[in-house]
>>> print(open('upload.csv').read())   # CSV, C-alpha atoms and all ligand atoms
chain,number,residue,atom,x,y,z
W,1419,MET,CA,163.8,110.2,104.4
W,1420,ASN,CA,166.3,109.9,101.5
W,1421,ALA,CA,166.5,112.0,98.4
W,1422,THR,CA,164.6,109.8,96.0
W,1423,HIS,CA,161.8,109.4,98.5
W,1424,GLU,CA,161.7,113.2,98.9
W,1425,LYS,CA,161.5,113.5,95.1
W,1426,LEU,CA,158.7,110.9,94.8
W,1427,ARG,CA,156.8,112.7,97.5
W,1428,GLU,CA,157.1,116.1,95.7
W,1429,GLU,CA,155.9,114.5,92.5
W,1430,PHE,CA,153.0,112.9,94.2
W,1431,ASP,CA,151.9,116.1,95.9
W,1432,ALA,CA,152.2,118.0,92.6
W,1433,TYR,CA,150.2,115.3,90.7
W,1434,VAL,CA,147.4,115.2,93.3
W,1435,ALA,CA,147.3,119.0,93.4
W,1436,GLU,CA,146.4,118.9,89.7
W,1437,ASP,CA,143.3,116.9,90.8
W,1438,LYS,CA,144.6,113.7,89.2
W,1439,LYS,CA,143.7,110.2,90.5
W,1440,ILE,CA,145.9,107.7,92.3
W,1441,GLU,CA,145.4,104.0,91.6
W,1442,PRO,CA,146.3,101.1,93.9
W,1443,LYS,CA,149.6,100.2,92.3
W,1444,ASP,CA,150.9,103.8,92.1
W,1445,TRP,CA,153.5,105.0,94.6
W,1446,MET,CA,152.0,106.9,97.5
W,1447,PRO,CA,153.3,108.3,100.7
W,1448,ASP,CA,152.8,106.2,103.8
W,1449,GLY,CA,150.8,108.9,105.5
W,1450,TYR,CA,148.4,109.0,102.5
W,1451,ARG,CA,148.0,105.2,102.6
W,1452,LYS,CA,147.4,105.1,106.4
W,1453,THR,CA,145.0,108.0,106.3
W,1454,LEU,CA,142.9,106.3,103.6
W,1455,ILE,CA,143.0,102.9,105.3
W,1456,ARG,CA,141.8,104.6,108.5
W,1457,GLN,CA,139.1,106.7,106.9
W,1458,ILE,CA,137.8,104.0,104.5
W,1459,SER,CA,137.7,101.3,107.1
W,1460,GLN,CA,135.9,103.5,109.6
W,1461,HIS,CA,133.5,104.4,106.9
W,1462,ALA,CA,132.9,100.7,106.1
W,1463,HIS,CA,132.4,99.9,109.8
W,1464,SER,CA,129.9,102.7,110.0
W,1465,GLU,CA,127.8,101.2,107.2
W,1466,VAL,CA,127.8,97.9,108.9
W,1467,VAL,CA,127.1,99.0,112.4
W,1468,GLY,CA,124.5,101.5,110.9
W,1469,MET,CA,122.4,98.5,110.0
W,1470,LEU,CA,121.7,97.7,113.7
W,1471,PRO,CA,119.6,100.6,114.8
W,1472,GLU,CA,117.4,100.2,111.7
W,1473,SER,CA,117.1,96.5,111.7
W,1474,ASN,CA,115.5,96.9,115.1
W,1475,TRP,CA,112.4,98.1,113.3
W,1476,ILE,CA,112.2,95.8,110.3
W,1477,THR,CA,109.8,93.4,112.0
W,1478,ARG,CA,107.7,96.2,113.4
W,1479,ALA,CA,107.3,98.4,110.3
W,1480,PRO,CA,103.8,99.7,110.1
W,1481,SER,CA,103.0,98.2,106.7
W,1482,LEU,CA,104.3,95.6,104.3
W,1483,GLN,CA,105.5,98.2,101.9
W,1484,ARG,CA,107.4,100.1,104.7
W,1485,LYS,CA,108.9,96.8,105.7
W,1486,ALA,CA,110.1,96.0,102.2
W,1487,ILE,CA,111.5,99.6,101.9
W,1488,LEU,CA,113.4,99.4,105.2
W,1489,LEU,CA,114.7,96.0,104.3
W,1490,ALA,CA,116.0,97.3,101.0
W,1491,LYS,CA,117.7,100.2,102.7
W,1492,VAL,CA,119.4,98.0,105.3
W,1493,GLN,CA,120.5,95.7,102.5
W,1494,ASP,CA,122.0,98.7,100.7
W,1495,GLU,CA,124.0,99.6,103.8
W,1496,ALA,CA,125.5,96.1,103.8
W,1497,GLY,CA,126.5,96.6,100.2
W,1498,HIS,CA,128.0,100.0,101.1
W,1499,GLY,CA,130.1,98.3,103.8
W,1500,LEU,CA,131.3,95.8,101.2
W,1501,TYR,CA,132.2,98.4,98.5
W,1502,LEU,CA,134.2,100.2,101.2
W,1503,TYR,CA,136.0,97.2,102.6
W,1504,SER,CA,137.0,96.3,99.0
W,1505,ALA,CA,138.3,99.8,98.4
W,1506,ALA,CA,140.4,99.5,101.7
W,1507,GLU,CA,141.8,96.2,100.6
W,1508,THR,CA,143.3,97.7,97.4
W,1509,LEU,CA,145.6,99.6,99.9
W,1510,GLY,CA,147.1,96.3,101.0
W,1511,VAL,CA,145.1,95.5,104.2
W,1512,ASP,CA,143.2,92.4,104.9
W,1513,ARG,CA,139.4,92.7,105.4
W,1514,ALA,CA,139.6,90.1,108.2
W,1515,ASP,CA,142.0,92.3,110.1
W,1516,LEU,CA,139.8,95.4,109.7
W,1517,ILE,CA,136.8,93.4,110.9
W,1518,ALA,CA,138.8,92.1,113.9
W,1519,ASP,CA,139.6,95.7,114.8
W,1520,LEU,CA,135.9,96.6,114.7
W,1521,LEU,CA,134.9,93.6,116.8
W,1522,SER,CA,137.5,94.2,119.4
W,1523,GLY,CA,136.5,97.8,119.8
W,1524,LYS,CA,139.8,99.1,118.5
W,1525,ALA,CA,138.4,100.7,115.4
W,1526,ARG,CA,135.9,103.5,115.3
W,1527,TYR,CA,132.7,103.9,113.5
W,1528,SER,CA,130.3,106.8,113.3
W,1529,SER,CA,129.0,107.8,116.7
W,1530,ILE,CA,125.5,108.4,115.5
W,1531,PHE,CA,124.8,104.7,115.6
W,1532,ASN,CA,125.3,104.6,119.3
W,1533,TYR,CA,122.0,106.3,119.8
W,1534,PRO,CA,118.9,104.1,120.3
W,1535,THR,CA,115.9,103.9,117.9
W,1536,LEU,CA,113.0,104.2,120.3
W,1537,THR,CA,110.0,104.7,117.9
W,1538,TRP,CA,109.0,104.1,114.3
W,1539,ALA,CA,109.5,107.8,113.7
W,1540,ASP,CA,113.2,107.3,114.2
W,1541,MET,CA,113.3,105.4,110.9
W,1542,GLY,CA,112.1,108.6,109.4
W,1543,ALA,CA,114.6,110.8,111.2
W,1544,ILE,CA,117.5,108.5,110.5
W,1545,GLY,CA,116.8,108.4,106.7
W,1546,TRP,CA,116.1,112.1,106.5
W,1547,LEU,CA,118.9,113.4,108.8
W,1548,VAL,CA,121.5,110.7,109.2
W,1549,ASP,CA,121.5,109.6,105.6
W,1550,GLY,CA,121.1,113.2,104.7
W,1551,ALA,CA,124.3,114.2,106.6
W,1552,ALA,CA,126.1,111.1,105.1
W,1553,ILE,CA,125.2,112.3,101.6
W,1554,MET,CA,126.5,115.8,102.4
W,1555,ASN,CA,129.8,114.2,103.6
W,1556,GLN,CA,130.0,111.7,100.8
W,1557,VAL,CA,129.2,113.6,97.6
W,1558,PRO,CA,132.6,115.5,97.7
W,1559,LEU,CA,134.3,112.1,98.3
W,1560,CYS,CA,133.2,111.0,94.8
W,1561,ARG,CA,136.0,113.3,93.6
W,1562,CYS,CA,138.5,112.1,96.1
W,1563,SER,CA,142.0,111.5,94.8
W,1564,TYR,CA,142.1,107.8,95.5
W,1565,GLY,CA,140.4,106.1,92.5
W,1566,PRO,CA,138.9,103.0,94.3
W,1567,TYR,CA,137.5,105.1,97.1
W,1568,ALA,CA,136.0,107.7,94.7
W,1569,ARG,CA,134.4,104.9,92.6
W,1570,ALA,CA,132.9,103.2,95.7
W,1571,MET,CA,131.5,106.6,96.9
W,1572,THR,CA,129.9,107.2,93.5
W,1573,ARG,CA,128.0,103.9,93.8
W,1574,VAL,CA,127.1,104.7,97.4
W,1575,CYS,CA,125.8,108.2,96.6
W,1576,ARG,CA,123.7,106.9,93.8
W,1577,GLU,CA,121.9,104.6,96.3
W,1578,GLU,CA,121.8,107.0,99.3
W,1579,SER,CA,119.3,109.4,97.8
W,1580,PHE,CA,116.5,106.8,98.1
W,1581,HIS,CA,117.5,106.4,101.7
W,1582,GLN,CA,117.0,110.1,102.5
W,1583,ARG,CA,113.8,110.4,100.5
W,1584,GLN,CA,112.1,107.4,102.1
W,1585,GLY,CA,113.0,108.8,105.6
W,1586,TYR,CA,111.5,112.2,104.8
W,1587,SER,CA,108.4,110.5,103.5
W,1588,ILE,CA,108.0,108.7,106.8
W,1589,MET,CA,108.2,112.0,108.6
W,1590,MET,CA,105.8,113.6,106.1
W,1591,GLU,CA,103.2,110.8,106.6
W,1592,LEU,CA,103.4,111.0,110.4
W,1593,MET,CA,103.0,114.8,110.2
W,1594,LYS,CA,99.7,114.3,108.3
W,1595,GLY,CA,98.5,111.9,111.0
W,1596,THR,CA,97.0,112.1,114.5
W,1597,GLU,CA,98.3,114.4,117.3
W,1598,ASP,CA,100.1,111.4,118.7
W,1599,GLN,CA,101.8,110.7,115.5
W,1600,LYS,CA,102.9,114.3,115.0
W,1601,ALA,CA,104.3,114.3,118.6
W,1602,MET,CA,106.2,111.1,117.8
W,1603,ALA,CA,107.8,112.7,114.7
W,1604,GLN,CA,108.7,115.9,116.7
W,1605,ASP,CA,110.2,113.9,119.5
W,1606,SER,CA,112.3,111.9,117.1
W,1607,LEU,CA,113.6,115.1,115.4
W,1608,ASN,CA,114.4,116.5,118.9
W,1609,ARG,CA,116.5,113.4,119.7
W,1610,TRP,CA,118.3,113.1,116.3
W,1611,TRP,CA,118.9,116.7,115.3
W,1612,TRP,CA,122.0,117.4,117.4
W,1613,PRO,CA,123.6,114.0,116.9
W,1614,SER,CA,123.1,114.5,113.2
W,1615,LEU,CA,125.0,117.8,113.3
W,1616,MET,CA,127.8,116.1,115.2
W,1617,MET,CA,128.2,113.7,112.3
W,1618,PHE,CA,130.3,116.3,110.6
W,1619,GLY,CA,133.0,115.9,113.2
W,1620,PRO,CA,134.7,118.4,115.5
W,1621,SER,CA,134.6,122.1,114.8
W,1622,ASP,CA,137.3,123.3,112.4
W,1623,LYS,CA,139.0,124.9,115.4
W,1624,HIS,CA,139.8,121.5,116.8
W,1625,SER,CA,139.9,119.2,113.7
W,1626,THR,CA,143.3,117.5,113.6
W,1627,HIS,CA,143.4,115.8,110.2
W,1628,SER,CA,141.8,118.4,108.0
W,1629,SER,CA,144.5,120.4,106.3
W,1630,GLN,CA,146.7,117.6,105.1
W,1631,ASN,CA,143.6,115.7,103.8
W,1632,MET,CA,142.5,118.9,102.0
W,1633,LYS,CA,146.0,119.0,100.3
W,1634,TRP,CA,145.7,115.4,99.3
W,1635,ASN,CA,142.1,115.9,97.9
W,1636,ILE,CA,140.7,113.4,100.4
W,1637,LYS,CA,138.7,116.1,101.9
W,1638,ARG,CA,137.2,119.0,99.9
W,1639,PHE,CA,135.2,121.0,102.5
W,1640,SER,CA,135.7,121.7,106.2
W,1641,ASN,CA,133.5,120.1,108.8
W,1642,ASP,CA,131.9,123.4,109.7
W,1643,GLU,CA,131.2,124.2,106.0
W,1644,LEU,CA,129.4,121.0,105.5
W,1645,ARG,CA,127.5,121.3,108.8
W,1646,GLN,CA,126.3,124.8,107.8
W,1647,ARG,CA,125.1,123.4,104.5
W,1648,MET,CA,123.2,120.6,106.3
W,1649,VAL,CA,121.5,123.2,108.5
W,1650,ASP,CA,120.6,125.5,105.6
W,1651,MET,CA,119.2,122.6,103.6
W,1652,THR,CA,117.3,120.9,106.4
W,1653,VAL,CA,115.6,123.8,108.2
W,1654,PRO,CA,113.2,124.6,105.3
W,1655,GLN,CA,112.4,120.9,104.9
W,1656,ALA,CA,111.4,120.7,108.6
W,1657,GLU,CA,109.2,123.8,108.3
W,1658,LEU,CA,107.5,122.5,105.2
W,1659,ILE,CA,105.9,119.6,107.1
W,1660,GLY,CA,105.4,121.5,110.4
W,1661,LEU,CA,108.4,120.2,112.4
W,1662,LYS,CA,110.3,122.5,114.8
W,1663,ILE,CA,114.1,122.3,114.9
W,1664,PRO,CA,115.0,122.0,118.6
W,1665,ASP,CA,117.4,124.9,118.7
W,1666,SER,CA,116.3,128.2,120.3
W,1667,ASP,CA,119.4,130.0,118.8
W,1668,LEU,CA,118.4,129.1,115.2
W,1669,LYS,CA,117.6,132.0,113.0
W,1670,TRP,CA,118.0,133.2,109.5
W,1671,ASN,CA,120.9,135.6,109.0
W,1672,ASN,CA,120.2,138.0,106.2
W,1673,GLU,CA,123.8,139.2,106.0
W,1674,THR,CA,125.5,135.9,105.7
W,1675,GLY,CA,122.7,134.2,103.8
W,1676,HIS,CA,122.9,131.3,106.2
W,1677,TYR,CA,121.1,130.1,109.3
W,1678,ASP,CA,122.8,130.9,112.6
W,1679,PHE,CA,122.5,128.0,115.0
W,1680,GLY,CA,123.4,127.1,118.6
W,1681,GLU,CA,126.5,125.5,119.9
W,1682,ILE,CA,126.9,121.8,119.8
W,1683,ASP,CA,127.3,120.0,123.1
W,1684,TRP,CA,130.9,118.9,122.5
W,1685,GLU,CA,131.1,117.1,125.8
W,1686,GLU,CA,128.3,114.8,124.7
W,1687,PHE,CA,130.1,114.3,121.3
W,1688,ASN,CA,133.4,113.3,123.0
W,1689,ASN,CA,131.6,111.1,125.5
W,1690,VAL,CA,129.9,109.1,122.8
W,1691,LEU,CA,133.1,109.0,120.7
W,1692,SER,CA,135.1,107.6,123.6
W,1693,GLY,CA,132.6,104.7,124.1
W,1694,ASN,CA,130.1,106.0,126.6
W,1695,GLY,CA,127.1,106.7,124.4
W,1696,PRO,CA,123.8,105.1,125.2
W,1697,CYS,CA,124.4,102.1,122.9
W,1698,ASN,CA,128.1,101.7,122.3
W,1699,LYS,CA,128.3,98.4,124.3
W,1700,GLU,CA,125.1,97.0,122.8
W,1701,ARG,CA,126.2,97.7,119.2
W,1702,LEU,CA,129.5,96.0,119.7
W,1703,GLU,CA,128.0,93.0,121.4
W,1704,ALA,CA,125.4,92.6,118.6
W,1705,ARG,CA,128.2,92.7,116.0
W,1706,ASN,CA,130.3,90.2,117.9
W,1707,LYS,CA,127.3,87.9,118.4
W,1708,ALA,CA,126.4,88.1,114.7
W,1709,HIS,CA,130.0,87.3,113.8
W,1710,ASP,CA,130.3,84.4,116.1
W,1711,ASP,CA,126.9,83.0,115.2
W,1712,GLY,CA,127.9,83.1,111.6
W,1713,ALA,CA,131.2,81.3,112.1
W,1714,TRP,CA,129.8,77.9,111.3
W,1715,VAL,CA,128.3,79.2,108.0
W,1716,ARG,CA,131.6,80.5,106.9
W,1717,GLU,CA,133.3,77.3,107.9
W,1718,ALA,CA,130.8,75.2,106.1
W,1719,ALA,CA,131.1,77.2,102.9
W,1720,SER,CA,134.9,76.9,103.0
W,1721,ALA,CA,134.6,73.2,103.6
W,1722,TYR,CA,132.2,72.8,100.7
W,1723,ALA,CA,134.3,74.8,98.4
W,1724,GLU,CA,137.3,72.7,99.3
W,1725,LYS,CA,135.5,69.4,98.8
W,1726,LYS,CA,134.2,70.6,95.4
W,1727,SER,CA,137.6,71.7,94.2
W,1728,LYS,CA,139.0,68.2,95.0
W,1729,LYS,CA,136.5,66.4,92.7
D,1335,MET,CA,143.9,83.5,101.3
D,1336,SER,CA,144.9,83.3,105.0
D,1337,ASP,CA,143.1,80.1,106.2
D,1338,LYS,CA,143.8,81.0,109.8
D,1339,LYS,CA,141.3,83.9,109.6
D,1340,ASN,CA,139.0,81.9,107.4
D,1341,ASN,CA,139.2,84.7,104.8
D,1342,TRP,CA,137.7,83.6,101.6
D,1343,PRO,CA,139.6,84.3,98.4
D,1344,LEU,CA,139.1,87.7,96.7
D,1345,TRP,CA,137.2,87.9,93.4
D,1346,GLU,CA,137.1,90.7,90.9
D,1347,VAL,CA,133.6,91.3,89.5
D,1348,PHE,CA,132.8,92.4,86.0
D,1349,ILE,CA,129.2,93.3,84.9
D,1350,ARG,CA,127.7,93.6,81.5
D,1351,SER,CA,125.1,96.4,82.0
D,1352,ARG,CA,123.1,95.5,78.9
D,1353,GLN,CA,123.3,93.4,75.8
D,1354,GLY,CA,125.6,94.9,73.3
D,1355,LEU,CA,128.1,96.3,75.9
D,1356,GLY,CA,131.2,94.7,77.2
D,1357,HIS,CA,131.7,93.6,80.8
D,1358,LYS,CA,133.1,96.3,83.0
D,1359,HIS,CA,135.0,96.0,86.3
D,1360,VAL,CA,132.8,97.1,89.1
D,1361,GLY,CA,134.7,96.0,92.2
D,1362,SER,CA,135.6,93.0,94.2
D,1363,LEU,CA,134.3,90.7,96.9
D,1364,HIS,CA,135.2,87.6,99.0
D,1365,ALA,CA,133.6,84.3,98.4
D,1366,ALA,CA,134.4,80.6,99.1
D,1367,ASP,CA,134.0,79.6,95.5
D,1368,ALA,CA,133.0,80.9,92.1
D,1369,GLU,CA,129.3,80.0,92.5
D,1370,MET,CA,129.1,82.0,95.7
D,1371,ALA,CA,131.0,84.8,94.1
D,1372,ILE,CA,128.4,85.0,91.4
D,1373,GLY,CA,125.7,84.9,94.0
D,1374,ASN,CA,127.3,87.7,96.1
D,1375,ALA,CA,128.0,89.8,93.1
D,1376,ARG,CA,124.4,89.5,92.1
D,1377,ASP,CA,123.3,90.7,95.6
D,1378,VAL,CA,125.8,93.5,95.9
D,1379,TYR,CA,126.3,94.9,92.4
D,1380,THR,CA,123.0,94.3,90.6
D,1381,ARG,CA,120.3,95.2,93.1
D,1382,ARG,CA,118.9,97.9,90.7
D,1383,GLN,CA,119.1,96.1,87.4
D,1384,GLU,CA,122.7,97.3,86.8
D,1385,GLY,CA,123.5,94.1,84.9
D,1386,VAL,CA,122.5,91.2,82.7
D,1387,SER,CA,125.6,89.2,82.9
D,1388,ILE,CA,128.3,88.7,85.6
D,1389,TRP,CA,131.9,87.5,85.4
D,1390,VAL,CA,133.9,86.7,88.5
D,1391,ILE,CA,137.7,86.1,88.3
D,1392,PRO,CA,140.0,85.2,91.2
D,1393,SER,CA,141.9,88.4,91.9
D,1394,ASP,CA,145.2,86.5,92.0
D,1395,ALA,CA,144.6,85.2,88.5
D,1396,ILE,CA,145.0,88.7,87.1
D,1397,THR,CA,148.3,89.9,85.8
D,1398,ALA,CA,148.5,93.6,85.7
D,1399,SER,CA,151.1,95.9,84.0
D,1400,ALA,CA,153.2,97.9,86.4
D,1401,PRO,CA,152.9,101.7,86.7
D,1402,GLU,CA,156.7,101.9,86.4
D,1403,ASP,CA,156.5,100.3,82.9
D,1404,SER,CA,154.0,102.8,81.5
D,1405,GLU,CA,156.7,104.8,79.7
D,1406,ALA,CA,158.0,101.7,77.8
D,1407,LEU,CA,154.4,100.5,77.1
D,1408,TYR,CA,152.6,103.7,76.2
D,1409,ASP,CA,155.0,106.4,75.2
D,1410,PRO,CA,156.0,104.9,71.8
D,1411,ALA,CA,152.4,105.7,70.7
D,1412,ASN,CA,152.9,109.4,71.5
D,1413,ASP,CA,154.7,110.4,68.3
D,1414,LYS,CA,152.6,108.4,65.9
D,1415,ILE,CA,150.0,111.0,65.2
D,1416,TYR,CA,149.7,109.6,61.6
D,1417,ARG,CA,147.7,106.8,63.1
D,1418,HIS,CA,144.8,109.3,63.6
D,1419,PRO,CA,142.5,110.3,60.8
D,1420,THR,CA,142.8,114.0,61.7
D,1421,PHE,CA,146.5,113.9,60.6
D,1422,TYR,CA,145.5,113.9,57.0
D,1423,VAL,CA,144.3,117.3,55.7
D,1424,LEU,CA,142.0,116.7,52.6
D,1425,PRO,CA,140.2,119.2,50.4
D,1426,ASP,CA,136.7,120.1,51.5
D,1427,GLU,CA,135.2,118.6,48.4
D,1428,VAL,CA,136.1,115.1,49.7
D,1429,ASN,CA,133.1,114.3,51.9
D,1430,HIS,CA,132.5,111.5,54.2
D,1431,MET,CA,136.0,110.0,54.5
M,1,FE,FE,125.2,103.9,103.4
M,2,FE,FE,122.1,105.1,103.7
>>> encode(input="upload.csv", output="structure tokens")
Amino acid sequence: MNATHEKLREEFDAYVAEDKKIEPKDWMPDGYRKTLIRQISQHAHSEVVGMLPESNWITRAPSLQRKAILLAKVQDEAGHGLYLYSAAETLGVDRADLIADLLSGKARYSSIFNYPTLTWADMGAIGWLVDGAAIMNQVPLCRCSYGPYARAMTRVCREESFHQRQGYSIMMELMKGTEDQKAMAQDSLNRWWWPSLMMFGPSDKHSTHSSQNMKWNIKRFSNDELRQRMVDMTVPQAELIGLKIPDSDLKWNNETGHYDFGEIDWEEFNNVLSGNGPCNKERLEARNKAHDDGAWVREAASAYAEKKSKK
Amino acid sequence: MSDKKNNWPLWEVFIRSRQGLGHKHVGSLHAADAEMAIGNARDVYTRRQEGVSIWVIPSDAITASAPEDSEALYDPANDKIYRHPTFYVLPDEVNHM
């Protein structure tokens, strides 16, 4: 690292510390660029893979309206993927390379999508909890130091709130239904609760990227802080409709003003993260199949565009 | 535009949110041609009535000023405060000027 580089780096850090924004053509440290590419592309992949567990239920939605809603939500997620790939591309990477990394299994996406969607109630739990956790993570990113990422997140967050509300309304409706429907909703919460809390990532004690990302204003709150917020927000929502959070250690703590909750099964977390979750293989296969099956469409569109441009 | 990967060209998307306002940059997308870029922009950026008109422009057709030039470009305006109406202190009796 030479002297000018050192100086640029110092100026950059000071500039970002003042909560100012960085735009694509501005000088930035390599580490900043790499971190953003990794985070934004992982985020984009999560939006794309996240469509799979839900698309599983589009054809089996219980009413035409629910089907239209689910379809609209899944379409939003495709859009989120696109906003994010675009933001990543402003950092000088090629979307085709990012997608190739997803398809080969080299790139990561959110582990939550490696769990199966067994019943219709899972559409409720996913919207309520998974999109809920995503919102919790994403709202602070609207103020992230990198302009294109912050702007993409602002768009995403504006759309996410419908996702969470439609999910909760599915749960609400089921909890007003028959004993079987109530049991289905409860079972779904039982399966999705812990994986949703895992979405905030490893505990602060073991999080590797956190402190530098905090300095760079890519991250504003720690994993454990956001997780606590999620618990505090969700428990009353569950109680309101008669659902029971599957955690025997959960109780309100008057002193802290927060809920105490049980320990996450980090072994399961690491297991799913390293590719051994219930659906890791299935998800990647589905993505690869969709990509391969769509190849002729992409080729045809290119050929048509070329032919037209020659006229 | 790497043909090998069959990566469609990149387009910048500008949306007029309603009549009377200018087009504003909203993001970018890949498409094989302009027509498809408009179609994709419609699907991605106007699902909730965010726009009444779309422009798409090939990203590589845009020439942008460089951040290094900002001093030369924008600093000369710094000391010309007389270009702003507030520079002129007028008696209170002079209304609406
Ligand atoms: Fe999303
Ligand atoms: Fe969502």
>>> atom_distance(input="upload.csv", atom1="CA of Ser1587 (chain W)", atom2="CA of Gln1599 (chain W)")
13.7 Å
>>> residues_near_ligand(input="upload.csv", ligand="ligand FE 1 (chain M)", cutoff="9 Å", atoms="all atoms listed in the file", output="list in words")
Ala1462, Ser1464, Glu1465, Val1466, Gly1468, Met1469, Lys1491, Val1492, Asp1494, Glu1495, Ala1496, Gly1497, His1498, Gly1499, Asp1549, Ala1552, Ile1553, Val1574, Cys1575, Glu1577, Glu1578 and His1581 of chain W
>>> interface_residues(input="upload.csv", of="chain W", to="chain D", cutoff="7 Å", atoms="all atoms listed in the file", output="tab-separated table (two decimals) with C-alpha atoms, keeping the file's coordinate frame")
chain	number	residue	atom	x	y	z
W	1443	LYS	CA	149.60	100.20	92.30
W	1444	ASP	CA	150.90	103.80	92.10
W	1497	GLY	CA	126.50	96.60	100.20
W	1504	SER	CA	137.00	96.30	99.00
W	1514	ALA	CA	139.60	90.10	108.20
W	1719	ALA	CA	131.10	77.20	102.90
W	1720	SER	CA	134.90	76.90	103.00
W	1723	ALA	CA	134.30	74.80	98.40
>>> residues_around(input="upload.csv", residues="region 1535-1547 of chain W", least_positions_apart="4", cutoff="7 Å", atoms="all atoms listed in the file", output="VMD selection string")
chain W and resid 1471 to 1472 1475 1551 1581 to 1586 1588 to 1589 1602 to 1603 1606 to 1607 1610 1614
>>> residues_around(input="upload.csv", residues="Arg1513 (chain W)", least_positions_apart="4", cutoff="9 Å", atoms="all atoms listed in the file", output="mmCIF file with C-alpha atoms, keeping the file's coordinate frame")
data_model
loop_
_atom_site.group_PDB
_atom_site.id
_atom_site.type_symbol
_atom_site.label_atom_id
_atom_site.label_comp_id
_atom_site.auth_asym_id
_atom_site.auth_seq_id
_atom_site.Cartn_x
_atom_site.Cartn_y
_atom_site.Cartn_z
ATOM 1 C CA SER W 1459 137.700 101.300 107.100
ATOM 2 C CA TYR W 1503 136.000 97.200 102.600
ATOM 3 C CA SER W 1504 137.000 96.300 99.000
ATOM 4 C CA ALA W 1506 140.400 99.500 101.700
ATOM 5 C CA GLU W 1507 141.800 96.200 100.600
ATOM 6 C CA ILE W 1517 136.800 93.400 110.900
ATOM 7 C CA ALA W 1518 138.800 92.100 113.900
ATOM 8 C CA ASN D 1341 139.200 84.700 104.800
#
>>> closest_residue(input="upload.csv", among="W:Asn1672, W:Thr1572, W:Gln1493, W:Ser1522", to="ligand FE 2 (chain M)", atoms="all atoms listed in the file")
W:Gln1493
>>> residues_around(input="upload.csv", residues="Glu1685 (chain W)", least_positions_apart="4", cutoff="12 Å", atoms="only C-alpha atoms", output="PyMOL selection string")
chain W and resi 1616+1620+1681+1689-1692+1694-1695
>>> atom_distance(input="upload.csv", atom1="CA of Met1617 (chain W)", atom2="CA of Trp1634 (chain W)")
21.9 Å
>>> closest_residue(input="upload.csv", among="W:Arg1478, W:Asp1431, W:Gly1550, W:Asp1650", to="ligand FE 2 (chain M)", atoms="only C-alpha atoms and all ligand atoms")
W:Gly1550
>>> atom_distance(input="upload.csv", atom1="CA of His1423 (chain W)", atom2="CA of Arg1569 (chain W)")
28.4 Å
>>> residues_around(input="upload.csv", residues="Gly1354 (chain D)", least_positions_apart="5", cutoff="12 Å", atoms="only C-alpha atoms", output="ChimeraX atom specification")
/D:1385-1387
>>> write_last_selection(input="upload.csv", atoms="C-alpha atoms", output="PDB file, in the frame of the given file")
ATOM      1  CA  GLY D1385     123.500  94.100  84.900  1.00  0.00           C
ATOM      2  CA  VAL D1386     122.500  91.200  82.700  1.00  0.00           C
ATOM      3  CA  SER D1387     125.600  89.200  82.900  1.00  0.00           C
TER       4      SER D1387
END
